[in-house]
$ cat protein.cif   # mmCIF, N, CA and C atoms
data_work
loop_
_atom_site.label_atom_id
_atom_site.label_comp_id
_atom_site.auth_asym_id
_atom_site.auth_seq_id
_atom_site.Cartn_x
_atom_site.Cartn_y
_atom_site.Cartn_z
N MET A 466 -0.55 -11.86 6.32
CA MET A 466 -0.20 -10.53 5.90
C MET A 466 0.93 -10.64 4.89
N ILE A 467 0.87 -9.87 3.85
CA ILE A 467 1.94 -9.82 2.86
C ILE A 467 2.60 -8.45 2.98
N VAL A 468 3.89 -8.46 3.18
CA VAL A 468 4.68 -7.23 3.24
C VAL A 468 5.63 -7.27 2.06
N GLY A 469 5.67 -6.23 1.29
CA GLY A 469 6.53 -6.26 0.11
C GLY A 469 7.08 -4.90 -0.23
N GLY A 470 7.83 -4.90 -1.29
CA GLY A 470 8.42 -3.67 -1.77
C GLY A 470 9.86 -3.54 -1.33
N PHE A 471 10.19 -2.42 -0.76
CA PHE A 471 11.52 -2.12 -0.25
C PHE A 471 12.57 -2.02 -1.35
N ARG A 472 12.15 -1.87 -2.60
CA ARG A 472 13.14 -1.79 -3.68
C ARG A 472 13.98 -0.52 -3.58
N ASN A 473 13.46 0.51 -2.90
CA ASN A 473 14.26 1.72 -2.72
C ASN A 473 15.47 1.48 -1.82
N SER A 474 15.47 0.39 -1.07
CA SER A 474 16.60 0.08 -0.19
C SER A 474 17.74 -0.61 -0.93
N SER A 475 17.52 -0.98 -2.16
CA SER A 475 18.52 -1.71 -2.93
C SER A 475 19.24 -0.77 -3.89
N PRO A 476 20.56 -0.93 -4.02
CA PRO A 476 21.29 -0.12 -5.01
C PRO A 476 20.69 -0.35 -6.40
N GLY A 477 20.40 0.70 -7.10
CA GLY A 477 19.79 0.59 -8.41
C GLY A 477 18.29 0.36 -8.38
N LYS A 478 17.73 0.19 -7.20
CA LYS A 478 16.28 0.04 -6.98
C LYS A 478 15.68 -1.10 -7.80
N GLY A 479 16.49 -2.08 -8.16
CA GLY A 479 16.00 -3.23 -8.90
C GLY A 479 15.77 -2.98 -10.37
N ILE A 480 16.11 -1.80 -10.84
CA ILE A 480 15.90 -1.47 -12.25
C ILE A 480 16.90 -2.25 -13.10
N GLY A 481 16.42 -2.87 -14.14
CA GLY A 481 17.25 -3.64 -15.05
C GLY A 481 17.55 -5.06 -14.58
N VAL A 482 16.98 -5.45 -13.45
CA VAL A 482 17.21 -6.80 -12.94
C VAL A 482 16.23 -7.76 -13.61
N SER A 483 16.76 -8.78 -14.25
CA SER A 483 15.89 -9.78 -14.88
C SER A 483 16.09 -11.17 -14.29
N ASP A 484 16.98 -11.30 -13.32
CA ASP A 484 17.24 -12.58 -12.67
C ASP A 484 16.52 -12.60 -11.34
N ASP A 485 15.51 -13.44 -11.22
CA ASP A 485 14.78 -13.52 -9.96
C ASP A 485 15.11 -14.81 -9.20
N ALA A 486 16.32 -15.34 -9.41
CA ALA A 486 16.72 -16.59 -8.76
C ALA A 486 17.23 -16.36 -7.33
N ARG A 487 17.50 -15.12 -6.96
CA ARG A 487 18.00 -14.86 -5.61
C ARG A 487 17.24 -13.70 -4.98
N ILE A 488 17.16 -13.74 -3.68
CA ILE A 488 16.51 -12.66 -2.93
C ILE A 488 17.54 -11.56 -2.68
N ASP A 489 17.19 -10.34 -2.98
CA ASP A 489 18.07 -9.20 -2.77
C ASP A 489 18.28 -9.00 -1.27
N SER A 490 19.52 -9.04 -0.82
CA SER A 490 19.81 -8.95 0.62
C SER A 490 19.42 -7.59 1.20
N HIS A 491 19.52 -6.52 0.42
CA HIS A 491 19.13 -5.19 0.91
C HIS A 491 17.62 -5.12 1.16
N MET A 492 16.85 -5.65 0.23
CA MET A 492 15.40 -5.65 0.39
C MET A 492 14.97 -6.56 1.53
N SER A 493 15.63 -7.70 1.67
CA SER A 493 15.32 -8.63 2.74
C SER A 493 15.57 -7.99 4.11
N GLN A 494 16.70 -7.31 4.24
CA GLN A 494 17.02 -6.64 5.50
C GLN A 494 16.02 -5.52 5.80
N ALA A 495 15.66 -4.77 4.78
CA ALA A 495 14.69 -3.68 4.98
C ALA A 495 13.34 -4.23 5.42
N CYS A 496 12.95 -5.37 4.87
CA CYS A 496 11.69 -6.02 5.28
C CYS A 496 11.77 -6.45 6.73
N ASP A 497 12.87 -7.08 7.12
CA ASP A 497 13.05 -7.50 8.51
C ASP A 497 13.00 -6.31 9.46
N GLU A 498 13.68 -5.23 9.10
CA GLU A 498 13.68 -4.03 9.95
C GLU A 498 12.28 -3.43 10.06
N PHE A 499 11.53 -3.46 8.96
CA PHE A 499 10.16 -2.96 9.00
C PHE A 499 9.33 -3.78 9.98
N LEU A 500 9.43 -5.10 9.87
CA LEU A 500 8.66 -5.95 10.77
C LEU A 500 9.02 -5.67 12.22
N GLU A 501 10.30 -5.49 12.49
CA GLU A 501 10.76 -5.28 13.86
C GLU A 501 10.37 -3.91 14.40
N THR A 502 10.66 -2.87 13.66
CA THR A 502 10.50 -1.52 14.20
C THR A 502 9.12 -0.91 13.98
N ARG A 503 8.55 -1.13 12.85
CA ARG A 503 7.29 -0.47 12.54
C ARG A 503 6.07 -1.28 12.93
N LEU A 504 6.15 -2.56 12.71
CA LEU A 504 4.97 -3.38 12.94
C LEU A 504 4.87 -3.85 14.38
N VAL A 505 5.94 -4.38 14.93
CA VAL A 505 5.90 -4.97 16.26
C VAL A 505 6.08 -3.93 17.35
N ARG A 506 7.17 -3.20 17.33
CA ARG A 506 7.44 -2.25 18.43
C ARG A 506 6.39 -1.17 18.52
N SER A 507 5.89 -0.68 17.41
CA SER A 507 4.88 0.37 17.48
C SER A 507 3.58 -0.17 18.07
N SER A 508 3.33 -1.47 17.94
CA SER A 508 2.12 -2.07 18.50
C SER A 508 2.16 -2.11 20.02
N PHE A 509 3.36 -2.08 20.60
CA PHE A 509 3.52 -2.18 22.04
C PHE A 509 4.17 -0.93 22.62
N SER A 510 3.91 0.22 22.00
CA SER A 510 4.58 1.45 22.41
C SER A 510 4.19 1.92 23.81
N SER A 511 3.05 1.51 24.32
CA SER A 511 2.63 1.97 25.65
C SER A 511 3.16 1.09 26.78
N ILE A 512 3.80 -0.01 26.47
CA ILE A 512 4.33 -0.91 27.50
C ILE A 512 5.72 -0.43 27.91
N ALA A 513 5.95 -0.30 29.21
CA ALA A 513 7.22 0.24 29.71
C ALA A 513 8.41 -0.61 29.30
N ASP A 514 8.38 -1.91 29.55
CA ASP A 514 9.50 -2.77 29.20
C ASP A 514 9.14 -3.57 27.96
N LYS A 515 9.53 -3.04 26.81
CA LYS A 515 9.16 -3.65 25.54
C LYS A 515 10.00 -4.88 25.21
N SER A 516 11.13 -5.04 25.85
CA SER A 516 12.04 -6.11 25.45
C SER A 516 11.41 -7.49 25.61
N ASP A 517 10.71 -7.73 26.74
CA ASP A 517 10.09 -9.04 26.94
C ASP A 517 8.96 -9.26 25.95
N VAL A 518 8.15 -8.24 25.73
CA VAL A 518 7.04 -8.35 24.80
C VAL A 518 7.57 -8.56 23.38
N PHE A 519 8.61 -7.79 23.06
CA PHE A 519 9.16 -7.88 21.71
C PHE A 519 9.69 -9.28 21.43
N GLU A 520 10.37 -9.86 22.39
CA GLU A 520 10.91 -11.21 22.20
C GLU A 520 9.80 -12.23 22.01
N THR A 521 8.70 -12.09 22.72
CA THR A 521 7.64 -13.09 22.63
C THR A 521 6.66 -12.80 21.50
N LYS A 522 6.57 -11.57 21.07
CA LYS A 522 5.59 -11.21 20.05
C LYS A 522 6.24 -10.89 18.70
N MET A 523 7.51 -11.19 18.53
CA MET A 523 8.23 -10.85 17.30
C MET A 523 7.49 -11.38 16.08
N ALA A 524 7.25 -10.50 15.13
CA ALA A 524 6.61 -10.93 13.89
C ALA A 524 7.64 -11.73 13.09
N LYS A 525 7.27 -12.92 12.73
CA LYS A 525 8.17 -13.78 11.96
C LYS A 525 7.58 -14.00 10.58
N GLU A 526 8.43 -14.02 9.60
CA GLU A 526 7.97 -14.29 8.26
C GLU A 526 7.93 -15.79 8.00
N ASP A 527 6.98 -16.20 7.21
CA ASP A 527 6.92 -17.60 6.81
C ASP A 527 7.88 -17.87 5.66
N CYS A 528 7.99 -16.91 4.75
CA CYS A 528 8.88 -17.09 3.62
C CYS A 528 9.13 -15.73 2.97
N GLN A 529 10.15 -15.71 2.14
CA GLN A 529 10.43 -14.56 1.30
C GLN A 529 10.53 -15.08 -0.12
N TRP A 530 10.14 -14.25 -1.07
CA TRP A 530 10.30 -14.63 -2.46
C TRP A 530 10.72 -13.41 -3.25
N THR A 531 11.10 -13.64 -4.45
CA THR A 531 11.54 -12.56 -5.32
C THR A 531 10.87 -12.70 -6.67
N GLY A 532 10.88 -11.67 -7.42
CA GLY A 532 10.32 -11.70 -8.76
C GLY A 532 10.72 -10.46 -9.52
N VAL A 533 10.56 -10.51 -10.79
CA VAL A 533 10.89 -9.38 -11.65
C VAL A 533 9.65 -8.50 -11.73
N LEU A 534 9.84 -7.21 -11.52
CA LEU A 534 8.72 -6.27 -11.61
C LEU A 534 8.64 -5.75 -13.05
N GLY A 535 7.47 -5.93 -13.64
CA GLY A 535 7.25 -5.41 -14.99
C GLY A 535 6.56 -4.06 -14.91
N TRP A 536 7.23 -3.03 -15.41
CA TRP A 536 6.70 -1.68 -15.33
C TRP A 536 6.14 -1.24 -16.68
N SER A 537 5.10 -0.46 -16.64
CA SER A 537 4.58 0.17 -17.85
C SER A 537 4.87 1.67 -17.75
N SER A 538 4.89 2.33 -18.88
CA SER A 538 5.24 3.76 -18.88
C SER A 538 4.22 4.61 -18.15
N ASP A 539 2.97 4.14 -18.06
CA ASP A 539 1.95 4.91 -17.33
C ASP A 539 1.60 4.27 -15.99
N ASN A 540 2.39 3.27 -15.56
CA ASN A 540 2.22 2.56 -14.29
C ASN A 540 0.91 1.78 -14.19
N LEU A 541 0.23 1.57 -15.29
CA LEU A 541 -0.98 0.77 -15.32
C LEU A 541 -0.70 -0.53 -16.06
N PRO A 542 -1.31 -1.62 -15.64
CA PRO A 542 -1.07 -2.89 -16.33
C PRO A 542 -1.70 -2.91 -17.72
N TRP A 543 -1.18 -3.79 -18.57
CA TRP A 543 -1.71 -4.04 -19.90
C TRP A 543 -2.50 -5.34 -19.79
N VAL A 544 -3.82 -5.27 -19.90
CA VAL A 544 -4.67 -6.45 -19.74
C VAL A 544 -5.71 -6.47 -20.86
N GLY A 545 -5.65 -7.50 -21.68
CA GLY A 545 -6.65 -7.64 -22.73
C GLY A 545 -6.09 -8.27 -24.00
N ARG A 546 -6.85 -8.14 -25.07
CA ARG A 546 -6.48 -8.72 -26.36
C ARG A 546 -5.37 -7.90 -27.02
N ARG A 547 -4.33 -8.60 -27.41
CA ARG A 547 -3.23 -7.97 -28.13
C ARG A 547 -3.43 -8.12 -29.64
N THR A 548 -3.68 -9.30 -30.08
CA THR A 548 -4.01 -9.57 -31.49
C THR A 548 -5.18 -10.56 -31.48
N GLU A 549 -5.58 -11.02 -32.65
CA GLU A 549 -6.69 -11.97 -32.72
C GLU A 549 -6.44 -13.21 -31.89
N LYS A 550 -5.18 -13.66 -31.81
CA LYS A 550 -4.87 -14.90 -31.10
C LYS A 550 -3.99 -14.70 -29.86
N GLU A 551 -3.65 -13.47 -29.54
CA GLU A 551 -2.77 -13.22 -28.39
C GLU A 551 -3.41 -12.27 -27.40
N TRP A 552 -3.17 -12.57 -26.12
CA TRP A 552 -3.69 -11.77 -25.02
C TRP A 552 -2.52 -11.38 -24.13
N VAL A 553 -2.66 -10.26 -23.44
CA VAL A 553 -1.59 -9.80 -22.55
C VAL A 553 -2.17 -9.55 -21.16
N CYS A 554 -1.35 -9.84 -20.16
CA CYS A 554 -1.69 -9.56 -18.77
C CYS A 554 -0.34 -9.32 -18.09
N ALA A 555 0.15 -8.08 -18.17
CA ALA A 555 1.52 -7.79 -17.75
C ALA A 555 1.67 -6.32 -17.36
N GLY A 556 2.85 -6.01 -16.84
CA GLY A 556 3.18 -4.61 -16.54
C GLY A 556 2.44 -4.06 -15.34
N PHE A 557 2.39 -4.81 -14.25
CA PHE A 557 1.63 -4.38 -13.08
C PHE A 557 2.39 -3.38 -12.21
N SER A 558 3.58 -3.01 -12.60
CA SER A 558 4.35 -1.92 -11.99
C SER A 558 4.47 -2.05 -10.47
N GLY A 559 4.75 -3.26 -10.02
CA GLY A 559 4.95 -3.49 -8.59
C GLY A 559 3.67 -3.70 -7.79
N HIS A 560 2.53 -3.72 -8.47
CA HIS A 560 1.25 -3.91 -7.78
C HIS A 560 0.54 -5.17 -8.28
N GLY A 561 1.32 -6.21 -8.58
CA GLY A 561 0.75 -7.42 -9.13
C GLY A 561 -0.12 -8.20 -8.18
N LEU A 562 0.29 -8.31 -6.91
CA LEU A 562 -0.49 -9.14 -5.99
C LEU A 562 -1.94 -8.70 -5.86
N PRO A 563 -2.23 -7.42 -5.70
CA PRO A 563 -3.64 -7.06 -5.56
C PRO A 563 -4.41 -7.00 -6.89
N ARG A 564 -3.70 -6.99 -8.03
CA ARG A 564 -4.39 -6.78 -9.30
C ARG A 564 -4.45 -8.00 -10.21
N THR A 565 -3.53 -8.95 -10.08
CA THR A 565 -3.47 -10.03 -11.05
C THR A 565 -4.63 -11.01 -10.97
N LEU A 566 -5.13 -11.28 -9.78
CA LEU A 566 -6.23 -12.24 -9.65
C LEU A 566 -7.44 -11.82 -10.48
N LEU A 567 -7.91 -10.61 -10.27
CA LEU A 567 -9.08 -10.15 -11.02
C LEU A 567 -8.76 -9.88 -12.48
N SER A 568 -7.50 -9.52 -12.77
CA SER A 568 -7.12 -9.32 -14.17
C SER A 568 -7.14 -10.65 -14.91
N GLY A 569 -6.65 -11.71 -14.28
CA GLY A 569 -6.71 -13.03 -14.89
C GLY A 569 -8.14 -13.50 -15.09
N GLN A 570 -8.99 -13.22 -14.10
CA GLN A 570 -10.40 -13.58 -14.21
C GLN A 570 -11.03 -12.79 -15.36
N ALA A 571 -10.68 -11.52 -15.48
CA ALA A 571 -11.24 -10.70 -16.56
C ALA A 571 -10.79 -11.21 -17.93
N ILE A 572 -9.53 -11.63 -18.04
CA ILE A 572 -9.05 -12.20 -19.30
C ILE A 572 -9.90 -13.42 -19.66
N ALA A 573 -10.17 -14.28 -18.69
CA ALA A 573 -11.00 -15.47 -18.94
C ALA A 573 -12.39 -15.05 -19.41
N GLU A 574 -12.95 -14.02 -18.81
CA GLU A 574 -14.27 -13.54 -19.22
C GLU A 574 -14.22 -12.96 -20.64
N LEU A 575 -13.16 -12.21 -20.95
CA LEU A 575 -13.01 -11.65 -22.29
C LEU A 575 -12.87 -12.76 -23.33
N LEU A 576 -12.13 -13.81 -22.97
CA LEU A 576 -11.96 -14.95 -23.88
C LEU A 576 -13.27 -15.64 -24.19
N THR A 577 -14.21 -15.56 -23.28
CA THR A 577 -15.51 -16.20 -23.50
C THR A 577 -16.52 -15.25 -24.12
N GLY A 578 -16.07 -14.09 -24.58
CA GLY A 578 -16.94 -13.20 -25.36
C GLY A 578 -17.52 -12.01 -24.64
N HIS A 579 -17.24 -11.83 -23.36
CA HIS A 579 -17.76 -10.65 -22.65
C HIS A 579 -16.98 -9.41 -23.06
N LYS A 580 -17.60 -8.27 -22.95
CA LYS A 580 -16.98 -7.00 -23.34
C LYS A 580 -16.14 -6.43 -22.20
N PHE A 581 -15.08 -5.73 -22.56
CA PHE A 581 -14.21 -5.06 -21.60
C PHE A 581 -15.03 -4.06 -20.80
N GLY A 582 -14.95 -4.12 -19.48
CA GLY A 582 -15.69 -3.21 -18.61
C GLY A 582 -17.11 -3.65 -18.31
N SER A 583 -17.52 -4.81 -18.84
CA SER A 583 -18.87 -5.30 -18.56
C SER A 583 -18.92 -5.85 -17.13
N ASP A 584 -20.09 -6.25 -16.71
CA ASP A 584 -20.23 -6.83 -15.36
C ASP A 584 -19.35 -8.06 -15.17
N HIS A 585 -19.02 -8.73 -16.27
CA HIS A 585 -18.20 -9.94 -16.17
C HIS A 585 -16.70 -9.63 -16.22
N ALA A 586 -16.31 -8.70 -17.01
CA ALA A 586 -14.89 -8.36 -17.17
C ALA A 586 -14.64 -6.99 -16.55
N LEU A 587 -14.76 -6.93 -15.23
CA LEU A 587 -14.65 -5.66 -14.52
C LEU A 587 -13.20 -5.19 -14.45
N LEU A 588 -12.80 -4.43 -15.42
CA LEU A 588 -11.47 -3.82 -15.44
C LEU A 588 -11.61 -2.37 -15.87
N PRO A 589 -10.80 -1.50 -15.31
CA PRO A 589 -10.83 -0.12 -15.81
C PRO A 589 -10.43 -0.09 -17.28
N PRO A 590 -11.07 0.71 -18.09
CA PRO A 590 -10.72 0.77 -19.51
C PRO A 590 -9.26 1.20 -19.73
N GLU A 591 -8.67 1.85 -18.73
CA GLU A 591 -7.27 2.28 -18.84
C GLU A 591 -6.30 1.10 -18.90
N PHE A 592 -6.73 -0.09 -18.49
CA PHE A 592 -5.87 -1.29 -18.54
C PHE A 592 -5.78 -1.88 -19.95
N ALA A 593 -6.70 -1.52 -20.83
CA ALA A 593 -6.75 -2.12 -22.16
C ALA A 593 -5.49 -1.79 -22.96
N PRO A 594 -4.95 -2.78 -23.67
CA PRO A 594 -3.74 -2.55 -24.48
C PRO A 594 -4.09 -1.90 -25.81
N THR A 595 -4.35 -0.62 -25.79
CA THR A 595 -4.79 0.11 -26.98
C THR A 595 -3.59 0.67 -27.75
N GLU A 596 -3.84 1.00 -29.01
CA GLU A 596 -2.81 1.62 -29.84
C GLU A 596 -2.40 2.98 -29.26
N LYS A 597 -3.35 3.69 -28.65
CA LYS A 597 -3.03 4.99 -28.04
C LYS A 597 -2.02 4.80 -26.91
N ARG A 598 -2.24 3.81 -26.04
CA ARG A 598 -1.28 3.54 -24.96
C ARG A 598 0.06 3.11 -25.54
N LEU A 599 0.01 2.28 -26.56
CA LEU A 599 1.24 1.81 -27.19
C LEU A 599 2.05 2.99 -27.74
N SER A 600 1.37 3.96 -28.35
CA SER A 600 2.07 5.11 -28.94
C SER A 600 2.71 6.01 -27.88
N HIS A 601 2.20 5.96 -26.63
CA HIS A 601 2.77 6.76 -25.54
C HIS A 601 3.78 5.99 -24.71
N SER A 602 4.05 4.75 -25.06
CA SER A 602 4.97 3.93 -24.29
C SER A 602 6.35 3.91 -24.93
N ASN A 603 7.29 3.29 -24.25
CA ASN A 603 8.63 3.09 -24.82
C ASN A 603 8.62 1.99 -25.87
N LEU A 604 7.58 1.17 -25.86
CA LEU A 604 7.42 0.09 -26.82
C LEU A 604 6.70 0.67 -28.02
N LYS A 605 7.37 0.73 -29.15
CA LYS A 605 6.80 1.39 -30.31
C LYS A 605 5.99 0.46 -31.22
N SER A 606 6.12 -0.85 -31.00
CA SER A 606 5.27 -1.80 -31.71
C SER A 606 5.18 -3.06 -30.87
N TRP A 607 4.22 -3.90 -31.21
CA TRP A 607 4.07 -5.17 -30.49
C TRP A 607 5.09 -6.18 -30.98
N ASP A 608 5.74 -5.93 -32.13
CA ASP A 608 6.72 -6.87 -32.67
C ASP A 608 7.85 -7.08 -31.68
N GLY A 609 8.08 -8.32 -31.28
CA GLY A 609 9.16 -8.65 -30.35
C GLY A 609 8.79 -8.48 -28.90
N ALA A 610 7.63 -7.93 -28.58
CA ALA A 610 7.21 -7.78 -27.19
C ALA A 610 6.98 -9.16 -26.61
N GLY A 611 7.55 -9.39 -25.47
CA GLY A 611 7.38 -10.68 -24.80
C GLY A 611 8.35 -11.74 -25.26
N ASP A 612 9.23 -11.42 -26.22
CA ASP A 612 10.23 -12.39 -26.68
C ASP A 612 11.30 -12.58 -25.64
#
$ encode --input "protein.cif" --output "structure tokens"
Amino acid sequence: MIVGGFRNSSPGKGIGVSDDARIDSHMSQACDEFLETRLVRSSFSSIADKSDVFETKMAKEDCQWTGVLGWSSDNLPWVGRRTEKEWVCAGFSGHGLPRTLLSGQAIAELLTGHKFGSDHALLPPEFAPTEKRLSHSNLKSWDGAGD
């Protein structure tokens, strides 16, 4: 099971953070509290003495990691051809884990000549990095993007 998020528990909500070398202590604590109170204790709510069950059934994490969240102005990722020789797969707005695998696969399919939205490159057309999306974003040109 992957449990993530909790950025609302951190001062500044992680906005403007570009250093992913350390785990945010506020988010880590919120994750631990979630595992303890919401996931484990609620599973054993009908047992009279939860303390023994809780000690033996405590959900333990295998690891924690951190990363920089790339947000887009419309909360949709940018996936597809940027220029003749450049491709983009970014801006998953905090939903990278469930979306990046198939987005990467779709990029590979697009690189081999399949059309966006075809049976091979199954992506919503809203993910395409179009000039229309660019004009509605905070990024006014591709120049310097990704530098």
$ resolve_selection --input "protein.cif" --expression "the PyMOL selection byres (((chain A and resi 570 and name CA) around 12) and name CA)" --output "PDB file with N, CA and C atoms, in the frame of the given file"
ATOM      1  N   VAL A 544      -3.820  -5.270 -19.900  1.00  0.00           N
ATOM      2  CA  VAL A 544      -4.670  -6.450 -19.740  1.00  0.00           C
ATOM      3  C   VAL A 544      -5.710  -6.470 -20.860  1.00  0.00           C
ATOM      4  N   GLY A 545      -5.650  -7.500 -21.680  1.00  0.00           N
ATOM      5  CA  GLY A 545      -6.650  -7.640 -22.730  1.00  0.00           C
ATOM      6  C   GLY A 545      -6.090  -8.270 -24.000  1.00  0.00           C
ATOM      7  N   CYS A 554      -1.350  -9.840 -20.160  1.00  0.00           N
ATOM      8  CA  CYS A 554      -1.690  -9.560 -18.770  1.00  0.00           C
ATOM      9  C   CYS A 554      -0.340  -9.320 -18.090  1.00  0.00           C
ATOM     10  N   ARG A 564      -3.700  -6.990  -8.030  1.00  0.00           N
ATOM     11  CA  ARG A 564      -4.390  -6.780  -9.300  1.00  0.00           C
ATOM     12  C   ARG A 564      -4.450  -8.000 -10.210  1.00  0.00           C
ATOM     13  N   THR A 565      -3.530  -8.950 -10.080  1.00  0.00           N
ATOM     14  CA  THR A 565      -3.470 -10.030 -11.050  1.00  0.00           C
ATOM     15  C   THR A 565      -4.630 -11.010 -10.970  1.00  0.00           C
ATOM     16  N   LEU A 566      -5.130 -11.280  -9.780  1.00  0.00           N
ATOM     17  CA  LEU A 566      -6.230 -12.240  -9.650  1.00  0.00           C
ATOM     18  C   LEU A 566      -7.440 -11.820 -10.480  1.00  0.00           C
ATOM     19  N   LEU A 567      -7.910 -10.610 -10.270  1.00  0.00           N
ATOM     20  CA  LEU A 567      -9.080 -10.150 -11.020  1.00  0.00           C
ATOM     21  C   LEU A 567      -8.760  -9.880 -12.480  1.00  0.00           C
ATOM     22  N   SER A 568      -7.500  -9.520 -12.770  1.00  0.00           N
ATOM     23  CA  SER A 568      -7.120  -9.320 -14.170  1.00  0.00           C
ATOM     24  C   SER A 568      -7.140 -10.650 -14.910  1.00  0.00           C
ATOM     25  N   GLY A 569      -6.650 -11.710 -14.280  1.00  0.00           N
ATOM     26  CA  GLY A 569      -6.710 -13.030 -14.890  1.00  0.00           C
ATOM     27  C   GLY A 569      -8.140 -13.500 -15.090  1.00  0.00           C
ATOM     28  N   ALA A 571     -10.680 -11.520 -15.480  1.00  0.00           N
ATOM     29  CA  ALA A 571     -11.240 -10.700 -16.560  1.00  0.00           C
ATOM     30  C   ALA A 571     -10.790 -11.210 -17.930  1.00  0.00           C
ATOM     31  N   ILE A 572      -9.530 -11.630 -18.040  1.00  0.00           N
ATOM     32  CA  ILE A 572      -9.050 -12.200 -19.300  1.00  0.00           C
ATOM     33  C   ILE A 572      -9.900 -13.420 -19.660  1.00  0.00           C
ATOM     34  N   ALA A 573     -10.170 -14.280 -18.690  1.00  0.00           N
ATOM     35  CA  ALA A 573     -11.000 -15.470 -18.940  1.00  0.00           C
ATOM     36  C   ALA A 573     -12.390 -15.050 -19.410  1.00  0.00           C
ATOM     37  N   GLU A 574     -12.950 -14.020 -18.810  1.00  0.00           N
ATOM     38  CA  GLU A 574     -14.270 -13.540 -19.220  1.00  0.00           C
ATOM     39  C   GLU A 574     -14.220 -12.960 -20.640  1.00  0.00           C
ATOM     40  N   LEU A 575     -13.160 -12.210 -20.950  1.00  0.00           N
ATOM     41  CA  LEU A 575     -13.010 -11.650 -22.290  1.00  0.00           C
ATOM     42  C   LEU A 575     -12.870 -12.760 -23.330  1.00  0.00           C
ATOM     43  N   LEU A 576     -12.130 -13.810 -22.970  1.00  0.00           N
ATOM     44  CA  LEU A 576     -11.960 -14.950 -23.880  1.00  0.00           C
ATOM     45  C   LEU A 576     -13.270 -15.640 -24.190  1.00  0.00           C
ATOM     46  N   THR A 577     -14.210 -15.560 -23.280  1.00  0.00           N
ATOM     47  CA  THR A 577     -15.510 -16.200 -23.500  1.00  0.00           C
ATOM     48  C   THR A 577     -16.520 -15.250 -24.120  1.00  0.00           C
ATOM     49  N   HIS A 579     -17.240 -11.830 -23.360  1.00  0.00           N
ATOM     50  CA  HIS A 579     -17.760 -10.650 -22.650  1.00  0.00           C
ATOM     51  C   HIS A 579     -16.980  -9.410 -23.060  1.00  0.00           C
ATOM     52  N   PHE A 581     -15.080  -5.730 -22.560  1.00  0.00           N
ATOM     53  CA  PHE A 581     -14.210  -5.060 -21.600  1.00  0.00           C
ATOM     54  C   PHE A 581     -15.030  -4.060 -20.800  1.00  0.00           C
ATOM     55  N   ASP A 584     -20.090  -6.250 -16.710  1.00  0.00           N
ATOM     56  CA  ASP A 584     -20.230  -6.830 -15.360  1.00  0.00           C
ATOM     57  C   ASP A 584     -19.350  -8.060 -15.170  1.00  0.00           C
ATOM     58  N   HIS A 585     -19.020  -8.730 -16.270  1.00  0.00           N
ATOM     59  CA  HIS A 585     -18.200  -9.940 -16.170  1.00  0.00           C
ATOM     60  C   HIS A 585     -16.700  -9.630 -16.220  1.00  0.00           C
ATOM     61  N   ALA A 586     -16.310  -8.700 -17.010  1.00  0.00           N
ATOM     62  CA  ALA A 586     -14.890  -8.360 -17.170  1.00  0.00           C
ATOM     63  C   ALA A 586     -14.640  -6.990 -16.550  1.00  0.00           C
ATOM     64  N   LEU A 587     -14.760  -6.930 -15.230  1.00  0.00           N
ATOM     65  CA  LEU A 587     -14.650  -5.660 -14.520  1.00  0.00           C
ATOM     66  C   LEU A 587     -13.200  -5.190 -14.450  1.00  0.00           C
ATOM     67  N   LEU A 588     -12.800  -4.430 -15.420  1.00  0.00           N
ATOM     68  CA  LEU A 588     -11.470  -3.820 -15.440  1.00  0.00           C
ATOM     69  C   LEU A 588     -11.610  -2.370 -15.870  1.00  0.00           C
TER      70      LEU A 588
END
$ atom_distance --input "protein.cif" --atom1 "CA of Pro563 in chain A" --atom2 "CA of Lys580 in chain A"
22.2 Å
$ atom_distance --input "protein.cif" --atom1 "atom N of Gly535 in chain A" --atom2 "atom C of Gly559 in chain A"
7.3 Å
$ resolve_selection --input "protein.cif" --expression "the PyMOL selection byres (((chain A and resi 489-491 and name CA) around 8) and name CA)" --output "short mmCIF file (atom, residue, chain, number, x, y, z; two decimals) with N, CA and C atoms, in the coordinates of the input"
data_model
loop_
_atom_site.label_atom_id
_atom_site.label_comp_id
_atom_site.auth_asym_id
_atom_site.auth_seq_id
_atom_site.Cartn_x
_atom_site.Cartn_y
_atom_site.Cartn_z
N SER A 474 15.47 0.39 -1.07
CA SER A 474 16.60 0.08 -0.19
C SER A 474 17.74 -0.61 -0.93
N SER A 475 17.52 -0.98 -2.16
CA SER A 475 18.52 -1.71 -2.93
C SER A 475 19.24 -0.77 -3.89
N ARG A 487 17.50 -15.12 -6.96
CA ARG A 487 18.00 -14.86 -5.61
C ARG A 487 17.24 -13.70 -4.98
N ILE A 488 17.16 -13.74 -3.68
CA ILE A 488 16.51 -12.66 -2.93
C ILE A 488 17.54 -11.56 -2.68
N MET A 492 16.85 -5.65 0.23
CA MET A 492 15.40 -5.65 0.39
C MET A 492 14.97 -6.56 1.53
N SER A 493 15.63 -7.70 1.67
CA SER A 493 15.32 -8.63 2.74
C SER A 493 15.57 -7.99 4.11
N GLN A 494 16.70 -7.31 4.24
CA GLN A 494 17.02 -6.64 5.50
C GLN A 494 16.02 -5.52 5.80
N ALA A 495 15.66 -4.77 4.78
CA ALA A 495 14.69 -3.68 4.98
C ALA A 495 13.34 -4.23 5.42
N THR A 531 11.10 -13.64 -4.45
CA THR A 531 11.54 -12.56 -5.32
C THR A 531 10.87 -12.70 -6.67
#
$ atom_distance --input "protein.cif" --atom1 "atom N of Ser558 in chain A" --atom2 "atom C of Pro590 in chain A"
15.3 Å
$ residues_around --input "protein.cif" --residues "Phe557 in chain A" --least-positions-apart "3" --cutoff "8 Å" --atoms "all atoms listed in the file" --output "list of chain:residue names"
A:Leu534, A:Gly535, A:Trp536, A:Ser537, A:Asn540, A:Leu541, A:Pro542, A:Trp543, A:Cys554, A:His560, A:Gly561, A:Leu562, A:Arg564, A:Thr565
$ closest_residue --input "protein.cif" --among "A:Gly469, A:Pro594, A:Pro476, A:Gly481" --to "Trp552 in chain A" --atoms "only C-alpha atoms"
A:Pro594
$ residues_around --input "protein.cif" --residues "Ser602 in chain A" --least-positions-apart "3" --cutoff "7 Å" --atoms "all atoms listed in the file" --output "PyMOL selection string"
chain A and resi 537-539+597-599+605
